[in-house]
$ cat structure33.cif   # mmCIF, C-alpha atoms
data_model
loop_
_atom_site.group_PDB
_atom_site.id
_atom_site.type_symbol
_atom_site.label_atom_id
_atom_site.label_comp_id
_atom_site.auth_asym_id
_atom_site.auth_seq_id
_atom_site.Cartn_x
_atom_site.Cartn_y
_atom_site.Cartn_z
ATOM 1 C CA MET A 114 4.291 11.416 -12.518
ATOM 2 C CA PRO A 115 2.587 11.983 -9.166
ATOM 3 C CA GLY A 116 4.067 10.185 -6.175
ATOM 4 C CA TYR A 117 2.257 9.091 -3.026
ATOM 5 C CA LEU A 118 3.103 7.590 0.309
ATOM 6 C CA CYS A 119 0.186 5.350 1.189
ATOM 7 C CA LYS A 120 -0.226 4.110 4.730
ATOM 8 C CA PHE A 121 -2.414 1.055 5.315
ATOM 9 C CA ILE A 122 -4.066 1.450 8.706
ATOM 10 C CA PRO A 123 -5.302 -1.885 10.061
ATOM 11 C CA PRO A 124 -8.591 -2.064 11.956
ATOM 12 C CA ARG A 125 -6.897 -2.576 15.348
ATOM 13 C CA ALA A 126 -3.443 -2.025 16.888
ATOM 14 C CA ASP A 127 -2.794 -5.755 17.442
ATOM 15 C CA PHE A 128 -4.033 -6.753 13.981
ATOM 16 C CA LEU A 129 -0.929 -8.709 12.959
ATOM 17 C CA SER A 130 -1.212 -10.993 15.983
ATOM 18 C CA THR A 131 -5.019 -11.280 16.090
ATOM 19 C CA MET A 132 -6.001 -11.765 12.438
ATOM 20 C CA THR A 133 -8.955 -14.042 11.832
ATOM 21 C CA PRO A 134 -8.559 -16.867 9.287
ATOM 22 C CA ASP A 135 -10.345 -14.723 6.666
ATOM 23 C CA GLU A 136 -8.140 -11.709 7.436
ATOM 24 C CA LYS A 137 -5.043 -13.871 6.967
ATOM 25 C CA ILE A 138 -6.283 -14.869 3.515
ATOM 26 C CA TRP A 139 -7.060 -11.259 2.606
ATOM 27 C CA MET A 140 -3.639 -10.115 3.850
ATOM 28 C CA GLY A 141 -2.027 -12.675 1.552
ATOM 29 C CA GLN A 142 -4.091 -11.266 -1.303
ATOM 30 C CA HIS A 143 -3.100 -7.744 -0.204
ATOM 31 C CA GLY A 144 0.595 -8.623 -0.513
ATOM 32 C CA ALA A 145 0.027 -10.241 -3.912
ATOM 33 C CA TYR A 146 -1.870 -7.135 -5.098
ATOM 34 C CA LEU A 147 0.965 -4.823 -4.075
ATOM 35 C CA ASP A 148 3.501 -7.181 -5.683
ATOM 36 C CA GLU A 149 1.475 -7.017 -8.910
ATOM 37 C CA MET A 150 1.357 -3.216 -8.746
ATOM 38 C CA THR A 151 5.135 -3.264 -8.208
ATOM 39 C CA SER A 152 5.654 -5.451 -11.266
ATOM 40 C CA ARG A 153 3.456 -3.039 -13.258
ATOM 41 C CA GLY A 154 5.663 -0.139 -12.166
ATOM 42 C CA LEU A 155 3.015 1.649 -10.093
ATOM 43 C CA VAL A 156 4.410 0.758 -6.673
ATOM 44 C CA VAL A 157 8.045 1.651 -6.045
ATOM 45 C CA ALA A 158 8.287 -0.193 -2.705
ATOM 46 C CA HIS A 159 5.988 -1.649 -0.051
ATOM 47 C CA GLY A 160 6.110 -3.479 3.249
ATOM 48 C CA PRO A 161 5.002 -3.672 6.864
ATOM 49 C CA VAL A 162 6.233 -1.274 9.525
ATOM 50 C CA ILE A 163 6.562 -2.844 12.958
ATOM 51 C CA ASP A 164 5.617 -0.150 15.451
ATOM 52 C CA PRO A 165 5.188 -1.015 19.142
ATOM 53 C CA THR A 166 2.130 1.248 19.289
ATOM 54 C CA GLY A 167 0.480 -0.516 16.326
ATOM 55 C CA SER A 168 1.969 -1.835 13.123
ATOM 56 C CA TYR A 169 0.887 -0.605 9.696
ATOM 57 C CA GLY A 170 1.843 -0.944 6.049
ATOM 58 C CA VAL A 171 3.558 1.546 3.766
ATOM 59 C CA SER A 172 3.654 1.690 -0.005
ATOM 60 C CA LEU A 173 5.235 4.262 -2.290
ATOM 61 C CA TRP A 174 3.319 4.773 -5.520
ATOM 62 C CA GLN A 175 4.290 6.599 -8.692
ATOM 63 C CA ILE A 176 1.315 6.843 -11.018
ATOM 64 C CA ASP A 177 0.310 8.601 -14.213
ATOM 65 C CA ALA A 178 -1.344 12.004 -13.911
ATOM 66 C CA GLY A 179 -4.738 10.620 -14.979
ATOM 67 C CA GLN A 180 -4.797 7.845 -12.391
ATOM 68 C CA ASP A 181 -6.595 8.108 -9.042
ATOM 69 C CA ILE A 182 -4.605 6.850 -6.050
ATOM 70 C CA ALA A 183 -7.756 6.251 -3.978
ATOM 71 C CA ALA A 184 -9.232 4.120 -6.750
ATOM 72 C CA LEU A 185 -6.023 2.097 -7.042
ATOM 73 C CA THR A 186 -5.726 1.417 -3.311
ATOM 74 C CA GLY A 187 -9.474 0.796 -3.197
ATOM 75 C CA GLU A 188 -8.907 -2.240 -5.428
ATOM 76 C CA ASP A 189 -6.649 -3.796 -2.782
ATOM 77 C CA PRO A 190 -8.356 -7.021 -1.595
ATOM 78 C CA ILE A 191 -7.926 -6.113 2.079
ATOM 79 C CA ILE A 192 -9.806 -2.858 1.471
ATOM 80 C CA ARG A 193 -12.452 -4.478 -0.731
ATOM 81 C CA ASN A 194 -13.145 -6.837 2.179
ATOM 82 C CA GLY A 195 -13.671 -3.929 4.569
ATOM 83 C CA VAL A 196 -10.534 -4.392 6.673
ATOM 84 C CA GLY A 197 -8.698 -1.180 7.559
ATOM 85 C CA HIS A 198 -8.133 1.788 5.289
ATOM 86 C CA TYR A 199 -5.444 3.745 3.482
ATOM 87 C CA ASP A 200 -4.261 7.256 4.202
ATOM 88 C CA HIS A 201 -2.778 8.910 1.094
ATOM 89 C CA PHE A 202 -0.009 11.510 1.246
ATOM 90 C CA PRO A 203 1.016 13.300 -1.976
ATOM 91 C CA MET A 204 4.750 13.670 -2.436
ATOM 92 C CA ILE A 205 6.323 16.699 -4.061
ATOM 93 C CA HIS A 206 9.094 14.498 -5.459
ATOM 94 C CA LEU A 207 9.672 10.744 -5.602
ATOM 95 C CA ARG A 208 12.804 9.346 -7.140
ATOM 96 C CA SER A 209 13.950 5.747 -6.839
ATOM 97 C CA ARG A 210 17.345 4.167 -7.426
ATOM 98 C CA ASP A 211 16.134 2.785 -10.760
ATOM 99 C CA GLN A 212 15.092 6.264 -11.910
ATOM 100 C CA ALA A 213 18.376 7.841 -10.864
ATOM 101 C CA ALA A 214 20.096 6.142 -13.793
ATOM 102 C CA VAL A 215 17.628 7.474 -16.383
ATOM 103 C CA ARG A 216 17.179 11.083 -15.229
#
$ encode --input "structure33.cif" --output "structure tokens"
Amino acid sequence: MPGYLCKFIPPRADFLSTMTPDEKIWMGQHGAYLDEMTSRGLVVAHGPVIDPTGSYGVSLWQIDAGQDIAALTGEDPIIRNGVGHYDHFPMIHLRSRDQAAVR
């Protein structure tokens, strides 16, 4: 199963403190989308990274070989609404605590 580190890059460095009312709604939908992908077993972990030079989001995905990571992150409501973008980084190996017990 391919693994990816996906980095959500907001549209501006101060995004978390300057979100418009619409962006706040879309960010709530973004979190719900990633929670849903987590419950489906596609996302291993996700959350915001507070960086003094500009915060961003990180998600670790483990998907089936036939799935397209760009298509999956493209369905994220924040992306569908044109706010920010994802950078995708393939991982040679991704193993979570839950998987350690079964492998």
$ closest_residue --input "structure33.cif" --among "A:Val171, A:Ala126, A:Met150, A:Ala158" --to "Leu185 (chain A)" --atoms "all atoms listed in the file"
A:Met150
$ axis_aligned_box --input "structure33.cif" --around "region 185-188 of chain A" --padding-each-side "8 Å" --output "AutoDock Vina command-line options"
--center_x -7.6 --center_y -0.1 --center_z -5.1 --size_x 19.7 --size_y 20.3 --size_z 19.8
$ residues_around --input "structure33.cif" --residues "Leu155 (chain A)" --least-positions-apart "3" --cutoff "10 Å" --atoms "all atoms listed in the file" --output "list in words"
Gly116, Leu147, Asp148, Glu149, Met150, Thr151, Ser152, Ala158, Leu173, Trp174, Gln175, Ile176, Asp177 and Leu185 of chain A
$ write_last_selection --input "structure33.cif" --atoms "C-alpha atoms" --output "PDB file, in the frame of the given file"
ATOM      1  CA  GLY A 116       4.067  10.185  -6.175  1.00  0.00           C
ATOM      2  CA  LEU A 147       0.965  -4.823  -4.075  1.00  0.00           C
ATOM      3  CA  ASP A 148       3.501  -7.181  -5.683  1.00  0.00           C
ATOM      4  CA  GLU A 149       1.475  -7.017  -8.910  1.00  0.00           C
ATOM      5  CA  MET A 150       1.357  -3.216  -8.746  1.00  0.00           C
ATOM      6  CA  THR A 151       5.135  -3.264  -8.208  1.00  0.00           C
ATOM      7  CA  SER A 152       5.654  -5.451 -11.266  1.00  0.00           C
ATOM      8  CA  ALA A 158       8.287  -0.193  -2.705  1.00  0.00           C
ATOM      9  CA  LEU A 173       5.235   4.262  -2.290  1.00  0.00           C
ATOM     10  CA  TRP A 174       3.319   4.773  -5.520  1.00  0.00           C
ATOM     11  CA  GLN A 175       4.290   6.599  -8.692  1.00  0.00           C
ATOM     12  CA  ILE A 176       1.315   6.843 -11.018  1.00  0.00           C
ATOM     13  CA  ASP A 177       0.310   8.601 -14.213  1.00  0.00           C
ATOM     14  CA  LEU A 185      -6.023   2.097  -7.042  1.00  0.00           C
TER      15      LEU A 185
END
$ atom_distance --input "structure33.cif" --atom1 "CA of Asp211 (chain A)" --atom2 "CA of Asp189 (chain A)"
25.0 Å
$ residues_near_point --input "structure33.cif" --point "(1.4, 4.4, 18.5)" --cutoff "12 Å" --atoms "only C-alpha atoms" --output "ChimeraX atom specification"
/A:122,125-127,162-169
$ residues_around --input "structure33.cif" --residues "Lys120 (chain A)" --least-positions-apart "2" --cutoff "12 Å" --atoms "all atoms listed in the file" --output "MDAnalysis selection string"
chainID A and resid 117:118 122:123 159:162 168:174 182:183 186 197:203
$ atom_distance --input "structure33.cif" --atom1 "CA of Trp139 (chain A)" --atom2 "CA of Gly195 (chain A)"
10.1 Å
$ atom_distance --input "structure33.cif" --atom1 "CA of Gln142 (chain A)" --atom2 "CA of Leu129 (chain A)"
14.8 Å
$ residues_around --input "structure33.cif" --residues "Asp135 (chain A)" --least-positions-apart "6" --cutoff "12 Å" --atoms "all atoms listed in the file" --output "list in words"
Gly141, Gln142, Pro190, Ile191, Asn194, Gly195 and Val196 of chain A
$ closest_residue --input "structure33.cif" --among "A:Ala178, A:Ile192, A:Leu207, A:Val157" --to "Pro124 (chain A)" --atoms "all atoms listed in the file"
A:Ile192
$ closest_residue --input "structure33.cif" --among "A:Arg193, A:Pro115, A:Gly187, A:Gly179" --to "Glu136 (chain A)" --atoms "all atoms listed in the file"
A:Arg193
